[in-house]
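Worksheet: one structure, shown below.
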Protein chains: 2
Amino acid sequence: MSLLVVGSVALDSVETPAEVRENILGGSAVFFSYTASYFTSVRLVGAVGEDWPEEHTRLLASRRIDTSGLQMIAGGKTFRWRGKYQPNMNDRDTLEVHLNVLESFEPVLSAEHRRAPFVFLANGSPRLQTNVLDQLSGPALTVADTMDLWIRTQHDELMRLFRRIDGLVLNDSEARLLTDDENLVRAGHKVRALGPRFVIIKKGEHGAMFFGEHETYVMPAYPTPHVVDPTGAGDSFAGGMMGFLAESGNFEPRTLKEAMAYGILVASFNVEGFGLDRLRTVERPDIDRRMAEYRRMLSF
Amino acid sequence: MSLLVVGSVALDSVETPAEVRENILGGSAVFFSYTASYFTSVRLVGAVGEDWPEEHTRLLASRRIDTSGLQMIAGGKTFRWRGKYQPNMNDRDTLEVHLNVLESFEPVLSAEHRRAPFVFLANGSPRLQTNVLDQLSGPALTVADTMDLWIRTQHDELMRLFRRIDGLVLNDSEARLLTDDENLVRAGHKVRALGPRFVIIKKGEHGAMFFGEHETYVMPAYPTPHVVDPTGAGDSFAGGMMGFLAESGNFEPRTLKEAMAYGILVASFNVEGFGLDRLRTVERPDIDRRMAEYRRMLSF
């Protein structure tokens with residue numbers, strides 16, 4: 001089934017202890033749609049400026065990604081982010097953010113996009129996410145991401161959004177901030193009590209936790225020794241997960257669990273190179289081979 | 001098969017954001033032997049002072065723990081430790097350490113203790129751990145723990161010890177310190193290259209990683225919402241693991257993996273109360289029930 005994502009499209013500059021890369025393809029909707037396209041066709045909605053290299057659109061379109069919702073804003077510049085990773089490769093500092101075209105972006109979905117059964121609202125303001133929700137015609141599954149900025153600045157809008165979505169994906173520090181609880185197990189249950197039917201807490205190199213109506217579980221990250229650039233790992237996780245759900249056409253508990261494992265594995269590939277570098281060398285059989293290894297790792 | 005542990009026996013004072021407990025039963029050999037005793041009989045070797053409450057020995061002896069190696073040093077005082085946990089319950093500061101009788105403790109094993117097939121050298125100086133190794137008569141499996149202090153102050157002795165033991169258990173920050181590598185997967189392989197046939201990196205609330213000749217895997221912690229006092233979690237992990245190995249009488253790869261899971265579960269009970277409080281309410285069927293849940297959690 002088809003999968004819609006609305007989110008940022010960016011030119012990232014990434015500094016790691018080993019290397020610096022300038023203006024590489026990034027953004028939540030890009031990592032999400034690239035990774036989801038291993039599993040299903042994806043409709044990407046986002047905005048770029050006149051500085052956008054057309055080759056990036058061609059790369060996305062060469063996958064199962066419909067880029068007709070990628071709007072070019074005349075006279076605008078593409079969203080830019082610059083971040084620097086600490087030696088542990090888990091903590092990072094944002095050095096620069098230029099919202100540019102994202103500052104005033106109000107997505108208007110096409111008739112076809114509105115009918116998408118599976119929808120991911122990548123990190124964006126709750127107001128923008130709600131605006132997208134309002135345009136949908138009866139999606140089967142809506143999942144959103146969020147971040148500390150919105151927890152601090154648009155708390156009420158976020159609370160209203162939570163009551164309208166099926167799933168929420170957020171990272172560990174955001175779950176702690178949102179609930180004022182340091183214990184992630186309690187925090188996960190508290191976030192779920194705010195509305196979403198399921199909540200997934202991402203723990204970076206330590207994996208992810210799932211909180212549903214009937215079950216709570218945790219899955220470790222795939223232990224890769226080659227962590228080059230973690231940018232986009234969270235969005236790749238969501239892309240792998242939602243891609244697999246859309247491919248499966250359901251979100252039964254057992255499908256959700258397998259989807260979470262796929263998300264973890266796709267993210268483990270993503271961190272092995274800058275931007276999409278590593279993923280561009282990965283095809284579905286590589287993911288399935290790693291899945292077989294991951295299953296072996298977890299069985300005893 | 002019987003299991004020998006040599007390590008500290010302590011009176012701990014523990015400060016958590018919620019509560020302070022003074023002079024409670026603790027020490028690496030205590031947490032280890034209590035948890036190992038769910039699986040097998042344990043021979044504890046350690047030292048205490050004249051201030052040692054006899055009831056603690058009675059508690060240990062009421063389990064399958066041989067306390068004949070618990071030496072009372074005349075005129076001495078028991079080892080004392082005081083620590084304070086940060087609100088995240090994962091980081092802690094050591095406020096006070098009084099080595100007392102441990103300062104000059106030189107364990108002398110009885111003839112029976114020397115013949116133990118399974119041996120755990122709990123955290124102690126590499127010199128002391130080597131001294132114990134020298135007294136053993138052909139153990140089947142020796143596993144040691146260590147800590148940052150010894151990595152910094154007795155590096156050469158530690159390197160020699162590593163070449164004589166089968167397994168090493170250490171925590172994530174210690175593995176990073178020892179290898180100067182922030183990536184735990186690489187760090188684990190590097191530690192193994194120093195000598196031990198297998199290495200286990202403990203990650204606290206995030207579980208543990210195994211590095212063997214043929215396999216590397218990671219297992220998440222059991223997600224408990226009730227973290228009261230993490231003191232002794234690492235030793236409880238080792239106790240559950242070594243206890244299960246000794247009970248099984250082998251250390252084949254598949255036994256090691258199951259043993260690691262038991263270690264993780266026993267540690268998850270340990271953190272649910274101060275000192276041994278929670279473990280004192282737990283029996284083997286409780287552990288096996290949690291094991292069934294853990295297996296379900298990890299299968300998809």
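Ligands are numbered from 1 in the order shown, residues from 1 within each chain, and chains are lettered A, B, ... in the order they appear in the structure tokens.
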Set out as a Markdown table a contact list for chain B and chain A with a cut-off of 10 Å, giving each residue of chain B that qualifies its closest atom pair and distance in Å to one decimal, counting only C-alpha atoms, ordered by chain and rising residue number.
| residue | atom | partner | partner_atom | distance |
| --- | --- | --- | --- | --- |
| B:Pro87 | CA | A:Glu182 | CA | 6.8 |
| B:Asn88 | CA | A:Glu182 | CA | 5.3 |
| B:Met89 | CA | A:Glu182 | CA | 8.0 |
| B:Asn90 | CA | A:Glu182 | CA | 9.8 |
| B:Arg176 | CA | A:Asn88 | CA | 9.8 |
| B:Asp181 | CA | A:Asn88 | CA | 8.8 |
| B:Glu182 | CA | A:Asn88 | CA | 5.3 |
| B:Asn183 | CA | A:Pro225 | CA | 6.5 |
| B:Leu184 | CA | A:Pro225 | CA | 7.6 |
| B:Val185 | CA | A:Pro225 | CA | 5.1 |
| B:Arg186 | CA | A:Pro225 | CA | 5.4 |
| B:Ala187 | CA | A:Pro225 | CA | 8.9 |
| B:Gly188 | CA | A:Pro225 | CA | 9.9 |
| B:His189 | CA | A:Pro225 | CA | 9.6 |
| B:Lys203 | CA | A:His206 | CA | 9.0 |
| B:Glu205 | CA | A:Asn183 | CA | 9.4 |
| B:His206 | CA | A:His206 | CA | 6.1 |
| B:Gly207 | CA | A:Pro220 | CA | 8.4 |
| B:Ala208 | CA | A:Pro220 | CA | 9.7 |
| B:Met209 | CA | A:Pro223 | CA | 8.8 |
| B:Glu215 | CA | A:Met297 | CA | 8.5 |
| B:Thr216 | CA | A:Met297 | CA | 7.8 |
| B:Tyr217 | CA | A:Met297 | CA | 5.4 |
| B:Val218 | CA | A:Pro220 | CA | 6.7 |
| B:Met219 | CA | A:Pro220 | CA | 6.4 |
| B:Pro220 | CA | A:Pro220 | CA | 5.6 |
| B:Ala221 | CA | A:Val218 | CA | 8.1 |
| B:Tyr222 | CA | A:Val218 | CA | 7.9 |
| B:Pro223 | CA | A:Val185 | CA | 6.2 |
| B:Thr224 | CA | A:Val185 | CA | 6.6 |
| B:Pro225 | CA | A:Val185 | CA | 5.1 |
| B:His226 | CA | A:Asn183 | CA | 8.3 |
| B:Val227 | CA | A:Asn183 | CA | 7.7 |
| B:Pro253 | CA | A:Phe300 | CA | 9.8 |
| B:Arg254 | CA | A:Phe300 | CA | 6.6 |
| B:Thr255 | CA | A:Phe300 | CA | 8.5 |
| B:Leu256 | CA | A:Phe300 | CA | 9.4 |
| B:Lys257 | CA | A:Phe300 | CA | 6.3 |
| B:Glu258 | CA | A:Phe300 | CA | 5.9 |
| B:Ala259 | CA | A:Phe300 | CA | 9.6 |
| B:Met260 | CA | A:Phe300 | CA | 9.9 |
| B:Ala261 | CA | A:Phe300 | CA | 8.6 |
| B:Glu293 | CA | A:Tyr217 | CA | 9.6 |
| B:Tyr294 | CA | A:Tyr217 | CA | 8.5 |
| B:Arg295 | CA | A:Ser299 | CA | 7.9 |
| B:Arg296 | CA | A:Tyr217 | CA | 9.0 |
| B:Met297 | CA | A:Tyr217 | CA | 5.4 |
| B:Leu298 | CA | A:Leu298 | CA | 6.2 |
| B:Ser299 | CA | A:Ser299 | CA | 7.1 |
| B:Phe300 | CA | A:Glu258 | CA | 5.9 |
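Non-sequential neighbours of region 265-275 of chain B (distance at most 6 Å, separation of 6 or more positions within a chain, only C-alpha atoms) are His226, Val227, Val228, Asp229, Pro230, Ala233, Ser236, Phe237 and Gly240 of chain B.
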Please produce a file of those selected residues containing all heavy atoms, as a PDB file, in the first residue's frame.
ATOM      1  N   HIS B 226      10.768  -0.246  37.641  1.00  0.00           N
ATOM      2  CA  HIS B 226      11.012  -0.022  39.074  1.00  0.00           C
ATOM      3  C   HIS B 226      12.495  -0.047  39.399  1.00  0.00           C
ATOM      4  O   HIS B 226      12.976  -1.005  40.003  1.00  0.00           O
ATOM      5  CB  HIS B 226      10.328  -1.103  39.908  1.00  0.00           C
ATOM      6  CG  HIS B 226       8.907  -1.336  39.529  1.00  0.00           C
ATOM      7  ND1 HIS B 226       7.919  -0.403  39.756  1.00  0.00           N
ATOM      8  CD2 HIS B 226       8.302  -2.376  38.907  1.00  0.00           C
ATOM      9  CE1 HIS B 226       6.773  -0.866  39.297  1.00  0.00           C
ATOM     10  NE2 HIS B 226       6.971  -2.063  38.777  1.00  0.00           N
ATOM     11  N   VAL B 227      13.236   0.960  38.981  1.00  0.00           N
ATOM     12  CA  VAL B 227      14.664   0.988  39.298  1.00  0.00           C
ATOM     13  C   VAL B 227      14.852   1.738  40.616  1.00  0.00           C
ATOM     14  O   VAL B 227      14.691   2.948  40.681  1.00  0.00           O
ATOM     15  CB  VAL B 227      15.476   1.631  38.170  1.00  0.00           C
ATOM     16  CG1 VAL B 227      16.956   1.652  38.529  1.00  0.00           C
ATOM     17  CG2 VAL B 227      15.265   0.867  36.872  1.00  0.00           C
ATOM     18  N   VAL B 228      15.149   0.972  41.654  1.00  0.00           N
ATOM     19  CA  VAL B 228      15.259   1.539  43.001  1.00  0.00           C
ATOM     20  C   VAL B 228      16.722   1.767  43.380  1.00  0.00           C
ATOM     21  O   VAL B 228      17.074   2.822  43.925  1.00  0.00           O
ATOM     22  CB  VAL B 228      14.586   0.605  44.031  1.00  0.00           C
ATOM     23  CG1 VAL B 228      14.815   1.101  45.452  1.00  0.00           C
ATOM     24  CG2 VAL B 228      13.094   0.493  43.723  1.00  0.00           C
ATOM     25  N   ASP B 229      17.578   0.788  43.111  1.00  0.00           N
ATOM     26  CA  ASP B 229      18.995   0.873  43.495  1.00  0.00           C
ATOM     27  C   ASP B 229      19.812  -0.063  42.598  1.00  0.00           C
ATOM     28  O   ASP B 229      19.753  -1.278  42.765  1.00  0.00           O
ATOM     29  CB  ASP B 229      19.150   0.466  44.965  1.00  0.00           C
ATOM     30  CG  ASP B 229      20.612   0.293  45.372  1.00  0.00           C
ATOM     31  OD1 ASP B 229      21.505   0.807  44.679  1.00  0.00           O
ATOM     32  OD2 ASP B 229      20.850  -0.361  46.414  1.00  0.00           O
ATOM     33  N   PRO B 230      20.572   0.524  41.678  1.00  0.00           N
ATOM     34  CA  PRO B 230      21.338  -0.318  40.738  1.00  0.00           C
ATOM     35  C   PRO B 230      22.606  -0.920  41.348  1.00  0.00           C
ATOM     36  O   PRO B 230      23.290  -1.678  40.663  1.00  0.00           O
ATOM     37  CB  PRO B 230      21.736   0.655  39.614  1.00  0.00           C
ATOM     38  CG  PRO B 230      20.951   1.906  39.864  1.00  0.00           C
ATOM     39  CD  PRO B 230      20.660   1.944  41.328  1.00  0.00           C
ATOM     40  N   ALA B 233      24.249  -4.461  40.370  1.00  0.00           N
ATOM     41  CA  ALA B 233      23.621  -5.019  39.159  1.00  0.00           C
ATOM     42  C   ALA B 233      24.641  -5.802  38.333  1.00  0.00           C
ATOM     43  O   ALA B 233      24.347  -6.891  37.839  1.00  0.00           O
ATOM     44  CB  ALA B 233      22.994  -3.907  38.317  1.00  0.00           C
ATOM     45  N   SER B 236      25.386  -9.025  40.063  1.00  0.00           N
ATOM     46  CA  SER B 236      24.221  -9.916  39.956  1.00  0.00           C
ATOM     47  C   SER B 236      24.161 -10.514  38.565  1.00  0.00           C
ATOM     48  O   SER B 236      23.837 -11.698  38.392  1.00  0.00           O
ATOM     49  CB  SER B 236      22.927  -9.145  40.230  1.00  0.00           C
ATOM     50  OG  SER B 236      22.919  -8.647  41.545  1.00  0.00           O
ATOM     51  N   PHE B 237      24.468  -9.687  37.565  1.00  0.00           N
ATOM     52  CA  PHE B 237      24.534 -10.184  36.183  1.00  0.00           C
ATOM     53  C   PHE B 237      25.536 -11.340  36.107  1.00  0.00           C
ATOM     54  O   PHE B 237      25.232 -12.431  35.607  1.00  0.00           O
ATOM     55  CB  PHE B 237      24.962  -9.050  35.243  1.00  0.00           C
ATOM     56  CG  PHE B 237      25.371  -9.518  33.878  1.00  0.00           C
ATOM     57  CD1 PHE B 237      24.421  -9.798  32.914  1.00  0.00           C
ATOM     58  CD2 PHE B 237      26.718  -9.706  33.567  1.00  0.00           C
ATOM     59  CE1 PHE B 237      24.805 -10.262  31.657  1.00  0.00           C
ATOM     60  CE2 PHE B 237      27.109 -10.170  32.318  1.00  0.00           C
ATOM     61  CZ  PHE B 237      26.140 -10.445  31.360  1.00  0.00           C
ATOM     62  N   GLY B 240      24.247 -14.481  37.976  1.00  0.00           N
ATOM     63  CA  GLY B 240      23.232 -15.227  37.230  1.00  0.00           C
ATOM     64  C   GLY B 240      23.872 -15.993  36.080  1.00  0.00           C
ATOM     65  O   GLY B 240      23.556 -17.167  35.831  1.00  0.00           O
TER      66      GLY B 240
END
I'd like the contact shell of region 144-160 of chain A - 6 Å cut-off, only C-alpha atoms, skipping same-chain residues fewer than 3 positions apart - returned as a tab-separated table (two decimals) with all heavy atoms, in the first residue's frame.
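Listing of selection-v5.tsv after writing:
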chain	number	residue	atom	x	y	z
A	120	PHE	N	3.31	9.16	7.33
A	120	PHE	CA	4.30	9.52	8.33
A	120	PHE	C	4.50	11.03	8.34
A	120	PHE	O	4.84	11.63	7.32
A	120	PHE	CB	5.64	8.83	8.06
A	120	PHE	CG	6.66	9.06	9.15
A	120	PHE	CD1	6.48	8.51	10.42
A	120	PHE	CD2	7.79	9.84	8.92
A	120	PHE	CE1	7.41	8.71	11.43
A	120	PHE	CE2	8.73	10.04	9.94
A	120	PHE	CZ	8.54	9.48	11.20
A	121	LEU	N	4.25	11.63	9.50
A	121	LEU	CA	4.48	13.06	9.68
A	121	LEU	C	5.86	13.20	10.30
A	121	LEU	O	6.02	13.06	11.51
A	121	LEU	CB	3.41	13.65	10.60
A	121	LEU	CG	1.96	13.37	10.18
A	121	LEU	CD1	0.99	13.73	11.29
A	121	LEU	CD2	1.64	14.14	8.90
A	122	ALA	N	6.86	13.42	9.45
A	122	ALA	CA	8.23	13.54	9.96
A	122	ALA	C	8.30	14.78	10.84
A	122	ALA	O	7.39	15.61	10.87
A	122	ALA	CB	9.21	13.61	8.80
A	123	ASN	N	9.40	14.88	11.57
A	123	ASN	CA	9.57	15.98	12.49
A	123	ASN	C	9.26	17.32	11.83
A	123	ASN	O	9.81	17.66	10.80
A	123	ASN	CB	11.01	15.94	13.01
A	123	ASN	CG	11.30	17.10	13.92
A	123	ASN	OD1	10.40	17.64	14.54
A	123	ASN	ND2	12.56	17.49	13.97
A	126	PRO	N	3.99	20.89	15.27
A	126	PRO	CA	2.68	20.23	15.42
A	126	PRO	C	1.59	20.94	14.61
A	126	PRO	O	0.66	20.30	14.14
A	126	PRO	CB	2.39	20.33	16.92
A	126	PRO	CG	3.69	20.63	17.57
A	126	PRO	CD	4.59	21.26	16.56
A	163	ARG	N	-3.57	13.18	20.36
A	163	ARG	CA	-4.87	12.52	20.48
A	163	ARG	C	-5.43	12.12	19.11
A	163	ARG	O	-6.44	11.43	19.03
A	163	ARG	CB	-5.85	13.43	21.23
A	163	ARG	CG	-5.48	13.54	22.73
A	163	ARG	CD	-6.59	14.19	23.56
A	163	ARG	NE	-6.70	15.62	23.30
A	163	ARG	CZ	-6.02	16.57	23.94
A	163	ARG	NH1	-5.17	16.24	24.89
A	163	ARG	NH2	-6.20	17.84	23.64
A	168	LEU	N	3.50	7.31	17.72
A	168	LEU	CA	4.46	8.41	17.90
A	168	LEU	C	5.85	7.81	18.04
A	168	LEU	O	6.04	6.82	18.75
A	168	LEU	CB	4.13	9.22	19.16
A	168	LEU	CG	5.11	10.36	19.46
A	168	LEU	CD1	4.99	11.48	18.45
A	168	LEU	CD2	4.89	10.89	20.88
A	169	VAL	N	6.80	8.42	17.34
A	169	VAL	CA	8.20	8.01	17.42
A	169	VAL	C	8.98	9.20	17.98
A	169	VAL	O	8.84	10.31	17.48
A	169	VAL	CB	8.73	7.68	16.00
A	169	VAL	CG1	10.20	7.40	16.02
A	169	VAL	CG2	7.96	6.51	15.41
A	170	LEU	N	9.74	8.97	19.04
A	170	LEU	CA	10.55	10.07	19.58
A	170	LEU	C	11.80	9.48	20.22
A	170	LEU	O	11.88	8.27	20.41
A	170	LEU	CB	9.73	10.93	20.57
A	170	LEU	CG	9.45	10.44	21.98
A	170	LEU	CD1	8.70	11.51	22.77
A	170	LEU	CD2	8.64	9.15	21.99
A	174	GLU	N	13.85	13.13	24.45
A	174	GLU	CA	12.56	13.79	24.25
A	174	GLU	C	11.47	13.16	25.13
A	174	GLU	O	10.63	13.86	25.69
A	174	GLU	CB	12.16	13.73	22.77
A	174	GLU	CG	13.08	14.59	21.90
A	174	GLU	CD	13.15	14.16	20.44
A	174	GLU	OE1	12.50	13.16	20.08
A	174	GLU	OE2	13.87	14.83	19.68
Exercise. DSSP on the backbone: what in region 106-253 of chain B comes out strand (DSSP E or B), as a list in words?
Worked result: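 Restricting region 106-253 of chain B to strand (DSSP E or B) produces Phe118, Val119, Phe120, Leu121, Leu141, Thr142, Val143, Ala144, Asp145, Gly167, Leu168, Val169, Leu170, Asn171, Phe198, Val199, Ile200, Ile201, Lys202, Ala208, Met209, Phe210, Phe211, Thr216, Tyr217, Val218 and Met219 of chain B.
If you measure from each of A:Leu25, A:Val14, A:Val9, A:Ile200 to Asp93 (chain A) using only C-alpha atoms, the closest one turns out to be A:Val14.
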Problem set entry | Separation of CA of Leu161 (chain B) from CA of Ser248 (chain B), in Å and rounded to one decimal | 25.9 Å
Problem set entry | Nearest-residue call for Leu99 (chain B), choices B:Pro139, B:Gly204, B:Gly49, B:Gly83, using only C-alpha atoms |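 Ranking B:Pro139, B:Gly204, B:Gly49, B:Gly83 by distance to Leu99 (chain B), first place goes to B:Gly49.
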Counting only C-alpha atoms, what is within 12 Å of Ala61 (chain B), bar same-chain residues fewer than 4 positions away, as an mmCIF file with all heavy atoms, in the first residue's frame?
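Resulting contents of selection-v5.cif:
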data_model
loop_
_atom_site.group_PDB
_atom_site.id
_atom_site.type_symbol
_atom_site.label_atom_id
_atom_site.label_comp_id
_atom_site.auth_asym_id
_atom_site.auth_seq_id
_atom_site.Cartn_x
_atom_site.Cartn_y
_atom_site.Cartn_z
ATOM 1 N N VAL B 30 29.056 -10.768 47.482
ATOM 2 C CA VAL B 30 27.735 -11.010 48.080
ATOM 3 C C VAL B 30 26.657 -11.035 46.998
ATOM 4 O O VAL B 30 25.861 -11.985 46.907
ATOM 5 C CB VAL B 30 27.416 -9.942 49.150
ATOM 6 C CG1 VAL B 30 25.946 -10.012 49.566
ATOM 7 C CG2 VAL B 30 28.341 -10.116 50.352
ATOM 8 N N SER B 33 27.283 -14.162 44.807
ATOM 9 C CA SER B 33 26.963 -15.488 45.344
ATOM 10 C C SER B 33 25.462 -15.637 45.596
ATOM 11 O O SER B 33 24.900 -16.710 45.380
ATOM 12 C CB SER B 33 27.787 -15.791 46.601
ATOM 13 O OG SER B 33 27.627 -14.797 47.552
ATOM 14 N N TYR B 34 24.807 -14.543 46.000
ATOM 15 C CA TYR B 34 23.364 -14.641 46.227
ATOM 16 C C TYR B 34 22.640 -14.999 44.925
ATOM 17 O O TYR B 34 21.793 -15.900 44.882
ATOM 18 C CB TYR B 34 22.802 -13.332 46.793
ATOM 19 C CG TYR B 34 21.433 -13.524 47.413
ATOM 20 C CD1 TYR B 34 21.294 -13.729 48.781
ATOM 21 C CD2 TYR B 34 20.282 -13.531 46.616
ATOM 22 C CE1 TYR B 34 20.045 -13.928 49.362
ATOM 23 C CE2 TYR B 34 19.034 -13.740 47.181
ATOM 24 C CZ TYR B 34 18.920 -13.939 48.555
ATOM 25 O OH TYR B 34 17.693 -14.151 49.118
ATOM 26 N N SER B 37 23.402 -18.490 43.528
ATOM 27 C CA SER B 37 22.817 -19.574 44.324
ATOM 28 C C SER B 37 21.414 -19.962 43.851
ATOM 29 O O SER B 37 20.854 -20.957 44.296
ATOM 30 C CB SER B 37 22.794 -19.203 45.814
ATOM 31 O OG SER B 37 21.797 -18.231 46.069
ATOM 32 N N SER B 41 25.443 -24.418 43.779
ATOM 33 C CA SER B 41 26.047 -24.126 45.081
ATOM 34 C C SER B 41 27.297 -23.265 44.862
ATOM 35 O O SER B 41 28.001 -23.405 43.866
ATOM 36 C CB SER B 41 26.401 -25.414 45.815
ATOM 37 O OG SER B 41 27.310 -26.167 45.061
ATOM 38 N N VAL B 42 27.518 -22.362 45.797
ATOM 39 C CA VAL B 42 28.558 -21.350 45.621
ATOM 40 C C VAL B 42 29.485 -21.367 46.821
ATOM 41 O O VAL B 42 29.047 -21.547 47.961
ATOM 42 C CB VAL B 42 27.925 -19.936 45.519
ATOM 43 C CG1 VAL B 42 28.986 -18.903 45.141
ATOM 44 C CG2 VAL B 42 26.770 -19.920 44.530
ATOM 45 N N ARG B 43 30.772 -21.198 46.566
ATOM 46 C CA ARG B 43 31.761 -21.064 47.642
ATOM 47 C C ARG B 43 32.270 -19.630 47.622
ATOM 48 O O ARG B 43 32.881 -19.198 46.651
ATOM 49 C CB ARG B 43 32.909 -22.037 47.418
ATOM 50 C CG ARG B 43 32.428 -23.489 47.339
ATOM 51 C CD ARG B 43 33.552 -24.425 46.988
ATOM 52 N NE ARG B 43 33.052 -25.754 46.696
ATOM 53 C CZ ARG B 43 32.661 -26.628 47.636
ATOM 54 N NH1 ARG B 43 32.710 -26.302 48.913
ATOM 55 N NH2 ARG B 43 32.223 -27.830 47.287
ATOM 56 N N LEU B 44 31.989 -18.928 48.697
ATOM 57 C CA LEU B 44 32.345 -17.508 48.766
ATOM 58 C C LEU B 44 33.644 -17.320 49.525
ATOM 59 O O LEU B 44 33.784 -17.834 50.650
ATOM 60 C CB LEU B 44 31.202 -16.753 49.452
ATOM 61 C CG LEU B 44 31.265 -15.226 49.582
ATOM 62 C CD1 LEU B 44 29.866 -14.694 49.883
ATOM 63 C CD2 LEU B 44 32.231 -14.746 50.645
ATOM 64 N N GLU B 54 26.553 -10.748 62.202
ATOM 65 C CA GLU B 54 26.488 -12.189 61.994
ATOM 66 C C GLU B 54 25.244 -12.610 61.189
ATOM 67 O O GLU B 54 25.250 -13.626 60.480
ATOM 68 C CB GLU B 54 26.520 -12.872 63.372
ATOM 69 C CG GLU B 54 26.977 -14.318 63.376
ATOM 70 C CD GLU B 54 28.169 -14.643 62.476
ATOM 71 O OE1 GLU B 54 29.148 -13.865 62.450
ATOM 72 O OE2 GLU B 54 28.090 -15.667 61.769
ATOM 73 N N GLU B 55 24.202 -11.817 61.293
ATOM 74 C CA GLU B 55 22.966 -12.161 60.558
ATOM 75 C C GLU B 55 23.197 -12.206 59.050
ATOM 76 O O GLU B 55 22.509 -12.935 58.331
ATOM 77 C CB GLU B 55 21.860 -11.133 60.878
ATOM 78 C CG GLU B 55 22.206 -9.734 60.370
ATOM 79 C CD GLU B 55 21.173 -8.658 60.728
ATOM 80 O OE1 GLU B 55 21.312 -8.076 61.810
ATOM 81 O OE2 GLU B 55 20.254 -8.422 59.918
ATOM 82 N N HIS B 56 24.167 -11.408 58.564
ATOM 83 C CA HIS B 56 24.443 -11.425 57.125
ATOM 84 C C HIS B 56 25.020 -12.785 56.710
ATOM 85 O O HIS B 56 24.679 -13.312 55.647
ATOM 86 C CB HIS B 56 25.433 -10.313 56.748
ATOM 87 C CG HIS B 56 24.874 -8.930 56.894
ATOM 88 N ND1 HIS B 56 23.521 -8.669 56.927
ATOM 89 C CD2 HIS B 56 25.493 -7.716 56.998
ATOM 90 C CE1 HIS B 56 23.318 -7.361 57.035
ATOM 91 N NE2 HIS B 56 24.503 -6.763 57.100
ATOM 92 N N THR B 57 25.901 -13.324 57.543
ATOM 93 C CA THR B 57 26.448 -14.659 57.244
ATOM 94 C C THR B 57 25.317 -15.687 57.262
ATOM 95 O O THR B 57 25.255 -16.570 56.401
ATOM 96 C CB THR B 57 27.518 -15.048 58.281
ATOM 97 O OG1 THR B 57 28.511 -14.028 58.323
ATOM 98 C CG2 THR B 57 28.185 -16.373 57.914
ATOM 99 N N ILE B 65 25.086 -21.303 49.787
ATOM 100 C CA ILE B 65 26.369 -20.583 49.791
ATOM 101 C C ILE B 65 27.242 -21.084 50.943
ATOM 102 O O ILE B 65 26.843 -21.003 52.112
ATOM 103 C CB ILE B 65 26.157 -19.057 49.912
ATOM 104 C CG1 ILE B 65 25.275 -18.568 48.751
ATOM 105 C CG2 ILE B 65 27.506 -18.331 49.926
ATOM 106 C CD1 ILE B 65 24.823 -17.131 48.873
ATOM 107 N N ASP B 66 28.388 -21.611 50.594
ATOM 108 C CA ASP B 66 29.379 -22.065 51.576
ATOM 109 C C ASP B 66 30.167 -20.832 52.036
ATOM 110 O O ASP B 66 30.908 -20.234 51.244
ATOM 111 C CB ASP B 66 30.291 -23.092 50.896
ATOM 112 C CG ASP B 66 31.583 -23.327 51.668
ATOM 113 O OD1 ASP B 66 31.664 -22.959 52.864
ATOM 114 O OD2 ASP B 66 32.519 -23.884 51.047
ATOM 115 N N THR B 67 30.000 -20.455 53.285
ATOM 116 C CA THR B 67 30.659 -19.242 53.793
ATOM 117 C C THR B 67 31.932 -19.569 54.576
ATOM 118 O O THR B 67 32.465 -18.708 55.274
ATOM 119 C CB THR B 67 29.698 -18.435 54.704
ATOM 120 O OG1 THR B 67 29.298 -19.297 55.788
ATOM 121 C CG2 THR B 67 28.473 -17.959 53.952
ATOM 122 N N SER B 68 32.416 -20.797 54.431
ATOM 123 C CA SER B 68 33.615 -21.163 55.193
ATOM 124 C C SER B 68 34.833 -20.343 54.758
ATOM 125 O O SER B 68 35.802 -20.205 55.499
ATOM 126 C CB SER B 68 33.913 -22.666 55.054
ATOM 127 O OG SER B 68 34.270 -22.959 53.715
ATOM 128 N N GLY B 69 34.778 -19.764 53.562
ATOM 129 C CA GLY B 69 35.887 -18.932 53.096
ATOM 130 C C GLY B 69 35.728 -17.459 53.443
ATOM 131 O O GLY B 69 36.497 -16.611 52.976
ATOM 132 N N LEU B 70 34.718 -17.159 54.251
ATOM 133 C CA LEU B 70 34.507 -15.759 54.669
ATOM 134 C C LEU B 70 35.316 -15.532 55.943
ATOM 135 O O LEU B 70 34.922 -15.959 57.036
ATOM 136 C CB LEU B 70 33.018 -15.500 54.910
ATOM 137 C CG LEU B 70 32.627 -14.062 55.238
ATOM 138 C CD1 LEU B 70 33.013 -13.108 54.106
ATOM 139 C CD2 LEU B 70 31.112 -13.959 55.490
#
Problem set entry | Between CA of Gly249 (chain A) and CA of Arg58 (chain A), distance in Å (one decimal) |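 Separating CA of Gly249 (chain A) from CA of Arg58 (chain A) is a distance of 27.7 Å.
Using only C-alpha atoms, the nearest neighbour of Arg127 (chain A) within the list A:Phe79, A:Phe211, A:Phe198, A:Phe162 is A:Phe162.
Residues lying within 12 Å of Asp286 (chain A), counting only C-alpha atoms and ignoring same-chain neighbours fewer than 3 positions away, are Tyr38, Tyr262, Leu265, Val266, Ser268, Phe269, Arg278, Leu279, Arg280, Thr281, Val282, Glu283, Arg289, Arg290, Met291, Ala292 and Glu293 of chain A.
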Problem set entry | Picked from region 26-225 of chain B by DSSP as helix (DSSP H, G or I), as number ranges by chain | B: 28-36, 54-61, 100-104, 111-114, 126-135, 148-153, 155-162, 172-179, 184-192, 204-206
